[in-house]
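Note: the block below is run_17.cif and it holds mmCIF, C-alpha atoms.
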```cif
data_query
#
loop_
_atom_site.label_atom_id
_atom_site.label_comp_id
_atom_site.auth_asym_id
_atom_site.auth_seq_id
_atom_site.Cartn_x
_atom_site.Cartn_y
_atom_site.Cartn_z
CA MET A 21 16.42 5.08 31.00
CA LEU A 22 20.05 4.19 30.43
CA THR A 23 22.55 6.80 31.66
CA MET A 24 26.33 6.89 31.59
CA ASN A 25 28.35 7.91 34.55
CA SER A 26 31.71 7.18 32.95
CA MET A 27 33.58 9.96 34.71
CA THR A 28 33.74 7.73 37.80
CA ASN A 29 35.14 4.89 35.69
CA SER A 30 38.28 6.66 34.46
CA ASP A 31 41.56 4.79 34.39
CA GLY A 32 43.43 7.96 35.36
CA ASN A 33 44.77 8.48 31.88
CA GLY A 34 41.71 10.27 30.48
CA HIS A 35 40.12 7.05 29.30
CA ASN A 36 36.56 6.78 30.47
CA ASN A 37 35.98 3.34 29.08
CA CYS A 38 36.40 1.08 32.09
CA THR A 39 39.60 -0.67 30.92
CA ILE A 40 41.45 -1.00 34.21
CA ALA A 41 41.23 -3.97 36.49
CA ASN A 42 39.56 -2.12 39.38
CA CYS A 43 36.93 -0.54 37.13
CA ASP A 44 33.49 -2.14 37.50
CA CYS A 45 31.78 -2.00 34.11
CA ARG A 46 28.46 -2.98 35.68
CA THR A 47 28.08 0.51 37.08
CA ARG A 48 28.59 2.17 33.72
CA THR A 49 25.50 3.74 32.15
CA VAL A 50 24.91 5.63 28.89
CA LYS A 51 22.72 8.70 28.20
CA LEU A 52 20.91 7.93 24.99
CA GLY A 53 18.44 10.82 24.79
CA LEU A 54 15.42 8.53 24.58
CA SER A 55 11.94 9.96 24.96
CA LYS A 56 9.27 8.40 27.12
CA GLY A 57 6.45 6.81 25.13
CA ASN A 58 8.56 6.09 22.03
CA THR A 59 9.64 2.66 20.87
CA TYR A 60 13.30 1.87 20.27
CA GLU A 61 15.20 -1.12 18.97
CA ILE A 62 18.20 -2.37 20.89
CA ALA A 63 20.82 -4.18 18.83
CA VAL A 64 23.63 -5.84 20.76
CA PHE A 65 26.78 -7.00 18.99
CA GLY A 66 29.38 -9.03 20.80
CA ALA A 67 32.50 -10.98 19.92
CA ASP A 68 32.72 -13.53 22.68
CA ARG A 69 35.68 -15.73 21.82
CA HIS A 70 34.80 -18.31 24.45
CA PRO A 71 32.55 -20.85 22.70
CA THR A 72 31.87 -22.94 25.81
CA GLU A 73 30.54 -20.11 27.93
CA SER A 74 29.09 -16.65 27.81
CA ASN A 75 30.23 -13.87 30.10
CA TYR A 76 28.03 -11.18 28.62
CA GLN A 77 25.54 -9.50 30.91
CA LEU A 78 23.06 -6.79 29.96
CA THR A 79 20.86 -5.28 32.62
CA LEU A 80 18.13 -2.80 31.80
CA SER A 81 15.91 -1.18 34.36
CA GLY A 82 12.99 1.19 34.45
CA PHE A 83 11.17 -0.34 31.49
CA ALA A 84 7.45 -1.04 31.35
CA THR A 85 6.85 -4.76 31.29
CA LYS A 86 3.29 -4.64 30.03
CA ARG A 87 2.98 -6.99 27.08
CA THR A 88 1.71 -5.36 23.90
CA VAL A 89 -0.22 -7.00 21.11
CA CYS A 90 0.59 -5.89 17.60
CA MET A 91 -2.66 -5.97 15.65
CA PRO A 92 -3.86 -3.99 12.66
CA VAL A 93 -6.06 -1.06 13.61
CA CYS A 94 -8.56 -0.11 10.91
CA GLY A 95 -8.74 3.66 10.65
CA ASP A 96 -5.17 4.47 11.69
CA GLY A 97 -4.13 5.28 8.12
CA VAL A 98 -1.63 2.39 7.92
CA ILE A 99 -2.35 -0.69 5.80
CA SER A 100 -1.35 -3.71 7.86
CA GLY A 101 -2.35 -7.30 8.49
CA SER A 102 -5.42 -8.31 6.49
CA GLU A 103 -6.41 -4.73 5.61
CA GLU A 104 -6.90 -4.10 1.89
CA CYS A 105 -6.79 -0.34 2.41
CA ASP A 106 -6.82 2.21 5.23
CA ASP A 107 -7.58 5.87 4.58
CA GLY A 108 -7.61 6.76 8.26
CA ASP A 109 -10.56 8.91 9.28
CA GLN A 110 -11.57 9.10 5.59
CA ASN A 111 -12.77 5.45 5.52
CA MET A 112 -16.40 5.47 4.34
CA ASP A 113 -18.87 2.72 3.55
CA GLY A 114 -20.77 2.77 0.25
CA VAL A 115 -18.62 5.46 -1.42
CA TYR A 116 -17.35 4.61 -4.90
CA GLY A 117 -13.56 4.27 -4.96
CA ALA A 118 -13.23 4.64 -1.18
CA CYS A 119 -12.02 2.36 1.59
CA THR A 120 -14.76 0.96 3.85
CA LYS A 121 -14.85 1.28 7.63
CA GLU A 122 -13.76 -2.40 7.74
CA CYS A 123 -10.63 -1.48 5.71
CA LYS A 124 -11.82 -3.38 2.64
CA PHE A 125 -12.02 -1.93 -0.86
CA GLY A 126 -15.39 -0.33 -1.57
CA PRO A 127 -16.87 -0.47 -5.06
CA TYR A 128 -14.30 0.45 -7.72
CA CYS A 129 -13.64 0.06 -11.45
CA GLY A 130 -12.02 -3.33 -11.92
CA ASP A 131 -13.76 -5.24 -9.13
CA GLY A 132 -15.89 -7.20 -11.63
CA ASN A 133 -19.19 -5.62 -10.50
CA THR A 134 -20.93 -2.94 -12.52
CA ASP A 135 -21.53 -0.14 -10.04
CA SER A 136 -24.11 2.33 -11.37
CA PRO A 137 -24.05 5.25 -11.98
CA ASP A 138 -20.24 5.37 -12.02
CA GLU A 139 -19.74 2.42 -14.39
CA ALA A 140 -21.38 1.30 -17.61
CA CYS A 141 -19.58 -2.06 -17.38
CA ASP A 142 -16.92 -3.87 -15.35
CA ASP A 143 -15.18 -6.98 -16.65
CA GLY A 144 -12.66 -6.99 -13.82
CA ALA A 145 -9.19 -7.99 -14.99
CA LYS A 146 -10.47 -8.15 -18.58
CA ASN A 147 -11.13 -4.39 -18.66
CA GLY A 148 -9.11 -2.58 -21.30
CA ALA A 149 -11.00 -2.90 -24.57
CA SER A 150 -10.62 0.10 -26.86
CA TYR A 151 -13.00 -1.08 -29.59
CA SER A 152 -15.91 -3.50 -29.76
CA THR A 153 -18.02 -5.08 -32.45
CA SER A 154 -21.24 -4.26 -30.60
CA PRO A 155 -22.49 -1.69 -28.10
CA THR A 156 -22.68 -4.28 -25.30
CA ASP A 157 -19.30 -6.03 -25.64
CA GLY A 158 -16.06 -5.10 -23.94
CA CYS A 159 -15.21 -2.62 -21.23
CA THR A 160 -12.52 0.09 -21.03
CA GLN A 161 -10.03 0.62 -18.18
CA LYS A 162 -12.40 3.34 -16.94
CA CYS A 163 -15.41 0.98 -16.87
CA GLN A 164 -17.15 2.58 -19.83
CA ARG A 165 -18.22 0.92 -23.07
CA PRO A 166 -15.58 1.14 -25.80
CA SER A 167 -16.13 2.63 -29.23
CA PHE A 168 -18.06 0.42 -31.65
CA CYS A 169 -19.37 0.41 -35.19
CA GLY A 170 -22.64 2.31 -35.09
CA ASP A 171 -21.80 4.83 -32.37
CA GLY A 172 -21.54 7.66 -34.91
CA VAL A 173 -17.81 8.20 -34.33
CA VAL A 174 -15.35 7.16 -37.04
CA ASP A 175 -12.69 5.09 -35.26
CA PRO A 176 -9.34 3.98 -36.77
CA GLN A 177 -10.83 0.55 -37.53
CA GLU A 178 -13.70 2.11 -39.53
CA ASP A 179 -14.01 3.72 -42.96
CA CYS A 180 -17.20 5.47 -41.92
CA ASP A 181 -19.77 5.51 -39.12
CA LEU A 182 -23.15 7.12 -39.55
CA GLY A 183 -24.65 5.61 -36.43
CA ASN A 184 -28.15 4.18 -36.99
CA LEU A 185 -27.91 4.98 -40.71
CA ASN A 186 -25.11 2.45 -41.30
CA GLY A 187 -26.23 -0.17 -43.84
CA MET A 188 -29.46 1.65 -44.76
CA PRO A 189 -30.49 1.78 -48.44
CA GLY A 190 -28.89 4.67 -50.32
CA VAL A 191 -26.22 5.23 -47.62
CA MET A 192 -22.57 4.76 -48.59
CA CYS A 193 -21.62 3.27 -45.20
CA GLY A 194 -22.27 -0.42 -44.52
CA ALA A 195 -23.44 -2.03 -41.29
CA ASP A 196 -19.79 -3.02 -40.73
CA CYS A 197 -18.63 0.63 -40.97
CA LYS A 198 -16.91 0.00 -44.31
CA ARG A 199 -17.54 2.23 -47.33
CA ILE A 200 -19.91 0.90 -49.94
CA ILE A 201 -18.55 1.50 -53.38
CA GLY A 202 -21.48 1.64 -55.65
#
```
Spit out the file's structure as structure tokens when you get a sec.
Amino acid sequence: MLTMNSMTNSDGNGHNNCTIANCDCRTRTVKLGLSKGNTYEIAVFGADRHPTESNYQLTLSGFATKRTVCMPVCGDGVISGSEECDDGDQNMDGVYGACTKECKFGPYCGDGNTDSPDEACDDGAKNGASYSTSPTDGCTQKCQRPSFCGDGVVDPQEDCDLGNLNGMPGVMCGADCKRIIG
């Protein structure tokens, strides 16, 4: 810990900044209020106007010298290194939309794999269709099949939609969901 004992380094004029010739700045320490176990950054700024030499000396004592290794820790709740996700103690394998215990994305809408029962489709980055020409084409942002002609719902692109009755004889709605004028 750094402490300051500047009262002994007074120049006699109320200045406790070690500015007199007989003041030894090497004995000056500063109380910083640091707490044991915390990590702190030390930034040192100097304006040494002597380009051919350096007369700056910084001495720190009482610090642990054990070398640390900064590595991502899966399960600490912090995404770092090669982790795709990290939900801390909520990481779970095999859960839809969750982060795995290896800090990789679990199954989710948009991964390009259709994960039943949560998804009817998954076209990955191509998800986003709002309408399709058939019941098996396209995929919405929520990994469900988009509206299509024949689903029984009249969409903005359609004049009519009677589901399986579209295009049947005597029905005024064609197989293309357009009105038959007859």
Which residues come within 10 Å of range 191-200 of chain A, counting only C-alpha atoms, excluding same-chain residues fewer than 3 positions away, as a compact mmCIF listing (two decimals) with C-alpha atoms, in the coordinates of the input?
```txt
# COMPACT_ATOMS: atom_id res chain seq x y z
CA THR A 153 -18.02 -5.08 -32.45
CA PHE A 168 -18.06 0.42 -31.65
CA CYS A 169 -19.37 0.41 -35.19
CA GLY A 170 -22.64 2.31 -35.09
CA GLY A 172 -21.54 7.66 -34.91
CA VAL A 174 -15.35 7.16 -37.04
CA ASP A 175 -12.69 5.09 -35.26
CA GLN A 177 -10.83 0.55 -37.53
CA GLU A 178 -13.70 2.11 -39.53
CA ASP A 179 -14.01 3.72 -42.96
CA CYS A 180 -17.20 5.47 -41.92
CA ASP A 181 -19.77 5.51 -39.12
CA LEU A 182 -23.15 7.12 -39.55
CA GLY A 183 -24.65 5.61 -36.43
CA ASN A 184 -28.15 4.18 -36.99
CA LEU A 185 -27.91 4.98 -40.71
CA ASN A 186 -25.11 2.45 -41.30
CA GLY A 187 -26.23 -0.17 -43.84
CA MET A 188 -29.46 1.65 -44.76
```
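Once the PyMOL selection byres ((chain A and resi 146-149) around 6) is applied to the depicted file, the selected set reads Asp143, Gly144, Ala145, Ser150, Tyr151, Gly158, Cys159, Thr160 and Gln161 of chain A.
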Restrict the selected residues to C-alpha atoms and save them as an mmCIF file, in the frame of the given file.
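Full text of selection.cif as output:
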```cif
data_model
loop_
_atom_site.group_PDB
_atom_site.id
_atom_site.type_symbol
_atom_site.label_atom_id
_atom_site.label_comp_id
_atom_site.auth_asym_id
_atom_site.auth_seq_id
_atom_site.Cartn_x
_atom_site.Cartn_y
_atom_site.Cartn_z
ATOM 1 C CA ASP A 143 -15.180 -6.980 -16.650
ATOM 2 C CA GLY A 144 -12.660 -6.990 -13.820
ATOM 3 C CA ALA A 145 -9.190 -7.990 -14.990
ATOM 4 C CA SER A 150 -10.620 0.100 -26.860
ATOM 5 C CA TYR A 151 -13.000 -1.080 -29.590
ATOM 6 C CA GLY A 158 -16.060 -5.100 -23.940
ATOM 7 C CA CYS A 159 -15.210 -2.620 -21.230
ATOM 8 C CA THR A 160 -12.520 0.090 -21.030
ATOM 9 C CA GLN A 161 -10.030 0.620 -18.180
#
```
| said: Could you tell me how far CA of Asp135 in chain A sits from CA of Val93 in chain A, in Å to one decimal place? | reply: 28.3 Å
For the structure shown, which residues end up in the PyMOL selection byres ((chain A and resi 121-129) around 6)? Put them as a short mmCIF file (atom, residue, chain, number, x, y, z; two decimals) with C-alpha atoms, in the frame of the given file, please?
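Saved to expr_38.cif:
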```cif
data_model
loop_
_atom_site.label_atom_id
_atom_site.label_comp_id
_atom_site.auth_asym_id
_atom_site.auth_seq_id
_atom_site.Cartn_x
_atom_site.Cartn_y
_atom_site.Cartn_z
CA CYS A 94 -8.56 -0.11 10.91
CA GLU A 103 -6.41 -4.73 5.61
CA GLU A 104 -6.90 -4.10 1.89
CA CYS A 105 -6.79 -0.34 2.41
CA ASP A 106 -6.82 2.21 5.23
CA ASN A 111 -12.77 5.45 5.52
CA MET A 112 -16.40 5.47 4.34
CA ASP A 113 -18.87 2.72 3.55
CA TYR A 116 -17.35 4.61 -4.90
CA GLY A 117 -13.56 4.27 -4.96
CA ALA A 118 -13.23 4.64 -1.18
CA CYS A 119 -12.02 2.36 1.59
CA THR A 120 -14.76 0.96 3.85
CA GLY A 130 -12.02 -3.33 -11.92
CA ASP A 131 -13.76 -5.24 -9.13
CA CYS A 163 -15.41 0.98 -16.87
#
```
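If you look at CA of Lys162 in chain A and CA of Asp109 in chain A, they are 26.9 Å away from each other.
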